[in-house]
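Here is the structure we will look at, set down as structure tokens.
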2 protein chains.
Amino acid sequence: MIAVSEHNAPSDKHCPHNAAINCASCRLSAICLPLALAQDEIVQLDEIVQRGRPLQKGQHLYRENDHFSSVFAVRSGAVKAYSMSDSGEEQVTGFYLPGEILGMDGIGHNRYASSAMAMEVSAICEIPFANIEDLSGKLPNMQKHFFKLLSQEIVEDQRHITLVSKHTAEERLASLLVSISARNARRNLSPLNIRLPMSRTDIGNFLGLTIETVSRVFSRFAKQGLIEIDKKELVVLDIDALKHIASLGH
Amino acid sequence: MIAVSEHNAPSDKHCPHNAAINCASCRLSAICLPLALAQDEIVQLDEIVQRGRPLQKGQHLYRENDHFSSVFAVRSGAVKAYSMSDSGEEQVTGFYLPGEILGMDGIGHNRYASSAMAMEVSAICEIPFANIEDLSGKLPNMQKHFFKLLSQEIVEDQRHITLVSKHTAEERLASLLVSISARNARRNLSPLNIRLPMSRTDIGNFLGLTIETVSRVFSRFAKQGLIEIDKKELVVLDIDALKHIASLGH
DNA sequence: TAGTTTAGTTGACGTAGATCAACTGGCCTG
DNA sequence: CAGGCCAGTTGATCTACGTCAACTAAACTA
């Protein structure tokens, strides 16, 4: 699916896009696939993971209706998934940050149900699904973990349905900010200093709002002293207030 | 989870709520779990499936946050799944008709993320998930099928996100009718004579609309000659028109 | 069988967010 | 460094759907 670098030789161990890395030593292992596996099991996972050269901003990881063969883990950068309806409009279905897995919507019909595009330079691990199935037959932990992953995506999607069908613009946006903040924290990044990798258009599309509304709500949050925002750089000033707004009923 | 009938003795083979049945002879086998299995594999599935006495209307199959142990197949009747947000409002996340599987949202965190309630008298098959995991380790078909099931639910949920965040009231309702019609057809029921097992409140909640809007759109569809509707009995007069509306862009 | 409750319909009116439009400031390209 | 382009902001207006309220008809109950 993605081009594998011809020279996998170690370059700079500290470069986040570096391909010369393995699951055991990856600093995302605690939140990514290896999470559920024992040391010797990680070695087996490692053998099937393919690490490609970084994707540039705007490049596709896969496209809707492509033949499904692999799921992917984000190692660095950020990826959006989106699908086109019959009528041709785009629906952003998710944002994927380092340590997160995407592509699982392809399992059901052997074709991806969405397209995936890098929103900035991103390093990706590709995991051929046939190998995952084999490994799952041998390692109960692996099978269990994948069932969990799929199930959690269902739960998240259902939460998102509630968000877009029952909540106001402010609640939706607060909810997104709280989510990104929490995911930053999971990676030991600052939960208050956020860089938004996605455009206003993507945010609006994801939340079922227009870019104008997104912009207005950001301005309102800033005016209320909840955040500071300059283009894609965002500082959370009052996370509790945001959490409160995010959990508000309609 | 559900009470297993103490007297599983055969009663009336033709009663749709009859518990004295097995997967191999169940007339839903072509669209339910056995779908992907070979004859001898179905026997193994059959051994772990528990068939309880029918649920009455309004009874719960499980509740949000209950300890997760089983997934369920609807054998007759109809079930709705719904969750409560922090703020206490209900969100209907799905309607489940005969042959369909629910409860998979519990896998991820070992607790159900939603509650499931019978919308009418319903017969249910319970399938303990631990047994499914065991069986999946032995039968690659079973594992594959479950991965597919989970993935398909993700795809459906994402379609539903698009529906509620980008489509008009008419498009949402047309889409629901087309979906129920197609699911009827899969069970060899009339795709045009539909009995809606759910209330207007449930429909509205599922589609992100108020009951008033649901009612008005039904009336409008009737006035335009697309449907005839009397309470829960609905006759589709122009399925193509409904499909067209359902696939419209915003 | 009258009296209450509950599901659904229909009408009048209000509003959150969409739409349309003007403007700003990077940033690229020649 | 002028000109065009794209992402984002802000304001003015419009509208689909929500809200509130009155009504009908089953269905339950006492």
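Here's how to read the names in the structure tokens: chain A, B, ... by the order shown, residue numbers from 1 in each chain, ligand numbers from 1 in the order shown.
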Hey, which bits of chain B sit within 6 Å of chain A, and for each residue what's the closest pair of atoms and how far apart in Å (one decimal), counting only C-alpha atoms, rows by chain and increasing number, as CSV?
```
residue,atom,partner,partner_atom,distance
B:Ser87,CA,A:Gly249,CA,4.6
B:Asp105,CA,A:Ser151,CA,5.3
B:Ile107,CA,A:Lys148,CA,5.6
B:Gly108,CA,A:Lys148,CA,4.0
B:Gly137,CA,A:Gly137,CA,4.7
B:Lys148,CA,A:Gly108,CA,4.0
B:Ser151,CA,A:Gly108,CA,4.9
B:Gln152,CA,A:Gly108,CA,5.0
B:Ile154,CA,A:Ile154,CA,5.3
B:Val155,CA,A:Asp105,CA,5.8
B:Ile161,CA,A:Ile161,CA,5.3
B:Val164,CA,A:Ser165,CA,5.9
B:Ser165,CA,A:Gly208,CA,4.8
B:Gly208,CA,A:Ser165,CA,4.8
B:Leu248,CA,A:Ser87,CA,5.8
B:Gly249,CA,A:Ser87,CA,4.5
```
Can you write just those residues out, C-alpha atoms, as a PDB file, in the first residue's frame?
```pdb
ATOM      1  CA  SER B  87     -26.176  15.083  30.778  1.00  0.00           C
ATOM      2  CA  ASP B 105     -19.969  -2.339  21.892  1.00  0.00           C
ATOM      3  CA  ILE B 107     -16.091  -5.843  24.004  1.00  0.00           C
ATOM      4  CA  GLY B 108     -13.817  -2.832  24.234  1.00  0.00           C
ATOM      5  CA  GLY B 137      -8.946 -19.208  17.845  1.00  0.00           C
ATOM      6  CA  LYS B 148     -16.109  -8.407   9.594  1.00  0.00           C
ATOM      7  CA  SER B 151     -15.932  -3.592  10.981  1.00  0.00           C
ATOM      8  CA  GLN B 152     -19.321  -3.411   9.289  1.00  0.00           C
ATOM      9  CA  ILE B 154     -18.101   0.810  12.216  1.00  0.00           C
ATOM     10  CA  VAL B 155     -18.929   1.533   8.597  1.00  0.00           C
ATOM     11  CA  ILE B 161     -22.738  10.207  11.285  1.00  0.00           C
ATOM     12  CA  VAL B 164     -27.308  13.091  10.923  1.00  0.00           C
ATOM     13  CA  SER B 165     -24.660  15.729  10.378  1.00  0.00           C
ATOM     14  CA  GLY B 208     -31.496  13.480  15.481  1.00  0.00           C
ATOM     15  CA  LEU B 248     -29.516  13.223  -2.134  1.00  0.00           C
ATOM     16  CA  GLY B 249     -26.712  15.557  -1.218  1.00  0.00           C
TER      17      GLY B 249
END
```
Residues within 12 Å of Cys32 of chain B, please, as a list of chain:residue names. Count only C-alpha atoms (C1' of nucleotides); anything in the same chain fewer than 5 positions from it doesn't count.
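Close residues of Cys32 of chain B: B:Cys23, B:Ala24, B:Cys26, B:Arg27, B:Leu37, B:Ile42, B:Leu45, B:Phe72, B:Ala73, B:Val74, B:Arg75, B:Tyr96, B:Leu97, B:Pro98, B:Gly99, B:Glu100, B:Ile101, B:Leu102, B:Cys125, B:His145, B:Phe146, B:Leu149, B:Arg186, B:Arg187.
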Counting only C-alpha atoms (C1' of nucleotides), what is within 9 Å of Ser215 of chain A, bar same-chain residues fewer than 5 positions away, as a JSON list (two decimals) with N, CA and C atoms (P, O5', C5', C4', C3', O3' and C1' of nucleotides), in the first residue's frame?
```
[["chain", "number", "residue", "atom", "x", "y", "z"],
["A", 200, "ARG", "N", -9.63, 24.43, 9.41],
["A", 200, "ARG", "CA", -10.97, 24.75, 9.90],
["A", 200, "ARG", "C", -12.03, 23.99, 9.11],
["A", 210, "THR", "N", -20.20, 24.54, 9.70],
["A", 210, "THR", "CA", -19.49, 25.27, 8.64],
["A", 210, "THR", "C", -18.23, 25.90, 9.22],
["A", 220, "ARG", "N", -15.30, 33.15, 20.17],
["A", 220, "ARG", "CA", -16.09, 33.29, 21.39],
["A", 220, "ARG", "C", -15.34, 32.69, 22.58],
["D", 8, "DG", "P", -7.64, 27.28, 7.89],
["D", 8, "DG", "O5'", -8.18, 28.68, 8.39],
["D", 8, "DG", "C5'", -7.27, 29.56, 9.02],
["D", 8, "DG", "C4'", -7.93, 30.90, 9.19],
["D", 8, "DG", "C3'", -9.19, 30.91, 10.05],
["D", 8, "DG", "O3'", -8.88, 31.61, 11.25],
["D", 8, "DG", "C1'", -9.39, 32.31, 8.15],
["D", 9, "DT", "P", -9.94, 31.73, 12.41],
["D", 9, "DT", "O5'", -10.60, 33.17, 12.16],
["D", 9, "DT", "C5'", -9.79, 34.33, 12.19],
["D", 9, "DT", "C4'", -10.63, 35.53, 11.83],
["D", 9, "DT", "C3'", -11.87, 35.76, 12.69],
["D", 9, "DT", "O3'", -11.71, 37.01, 13.34],
["D", 9, "DT", "C1'", -12.36, 36.02, 10.39]]
```
Pick out the chain C residues within 9 Å of chain B. Count only C-alpha atoms (C1' of nucleotides). Give them as a PyMOL selection string.
chain C and resi 7-10
Could the residues of chain D within 12 Å of chain A, counting only C-alpha atoms (C1' of nucleotides), be given as a list in words, please?
DC6, DA7, DG8, DT9, DT10, DG11 and DG18 of chain D
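Separating atom CA of Ser69 of chain A from atom CA of Ile48 of chain A is a distance of 12.8 Å.
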In segment 29-237 of chain A, DSSP alpha helix (DSSP H) residues written as a ChimeraX atom specification
/A:39-48,129-138,140-166,169-186,200-207,211-223
Identify, on the basis of only C-alpha atoms (C1' of nucleotides), every residue whose closest approach to DG3 of chain D does not exceed 10 Å; exclude the query and any residue fewer than 2 positions from it along the same chain; express the result as a PyMOL selection string.
(chain C and resi 29-30) or (chain D and resi 1+5)
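Residue nearest Leu192 of chain A, chosen from A:Ala174, A:Leu237, A:Val79, A:Ile124 and counting only C-alpha atoms: A:Leu237.
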Segment 27-160 of chain B: which residues are strand (DSSP E) by DSSP, as an MDAnalysis selection string?
chainID B and resid 50:51 60:62 70:76 79:84 90:96 101:102 115:118 123:128
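Residue neighbourhood of DC14 of chain D, excluding near-sequence residues (fewer than 6 positions): DT15, DG17, DA18, DT19 and DC20 of chain C, at 12 Å, using only C-alpha atoms (C1' of nucleotides).
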Could you write those residues out with N, CA and C atoms (P, O5', C5', C4', C3', O3' and C1' of nucleotides), as a compact mmCIF listing (two decimals), in the first residue's frame?
```txt
# COMPACT_ATOMS: atom_id res chain seq x y z
P DT C 15 -36.23 33.15 20.38
O5' DT C 15 -35.28 32.13 19.60
C5' DT C 15 -35.06 30.81 20.11
C4' DT C 15 -33.99 30.15 19.27
C3' DT C 15 -32.74 31.02 19.05
O3' DT C 15 -31.62 30.17 18.99
C1' DT C 15 -33.63 30.45 16.99
P DG C 17 -25.79 25.89 17.41
O5' DG C 17 -25.61 26.02 15.83
C5' DG C 17 -26.36 25.18 14.99
C4' DG C 17 -26.41 25.74 13.60
C3' DG C 17 -25.05 26.06 12.96
O3' DG C 17 -25.10 25.60 11.64
C1' DG C 17 -26.46 27.87 12.72
P DA C 18 -23.89 25.27 10.69
O5' DA C 18 -24.53 25.64 9.27
C5' DA C 18 -25.77 25.03 8.90
C4' DA C 18 -26.36 25.77 7.71
C3' DA C 18 -25.36 26.05 6.59
O3' DA C 18 -25.98 25.80 5.34
C1' DA C 18 -26.24 28.10 7.42
P DT C 19 -25.13 25.91 3.99
O5' DT C 19 -25.45 27.41 3.49
C5' DT C 19 -26.77 27.85 3.36
C4' DT C 19 -26.76 29.31 2.95
C3' DT C 19 -25.74 29.66 1.86
O3' DT C 19 -26.44 30.38 0.85
C1' DT C 19 -25.54 31.15 3.69
P DC C 20 -25.72 30.65 -0.59
O5' DC C 20 -25.36 32.20 -0.51
C5' DC C 20 -26.33 33.12 -0.04
C4' DC C 20 -25.70 34.48 0.18
C3' DC C 20 -24.57 34.83 -0.80
O3' DC C 20 -24.73 36.20 -1.16
C1' DC C 20 -23.79 35.06 1.38
```
Could you list, as a list in words, every residue within 12 Å of DG3 of chain C, counting only C-alpha atoms (C1' of nucleotides) and ignoring same-chain residues fewer than 3 positions away?
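Using only C-alpha atoms (C1' of nucleotides), the neighbours found are DC28, DT29 and DA30 of chain D.
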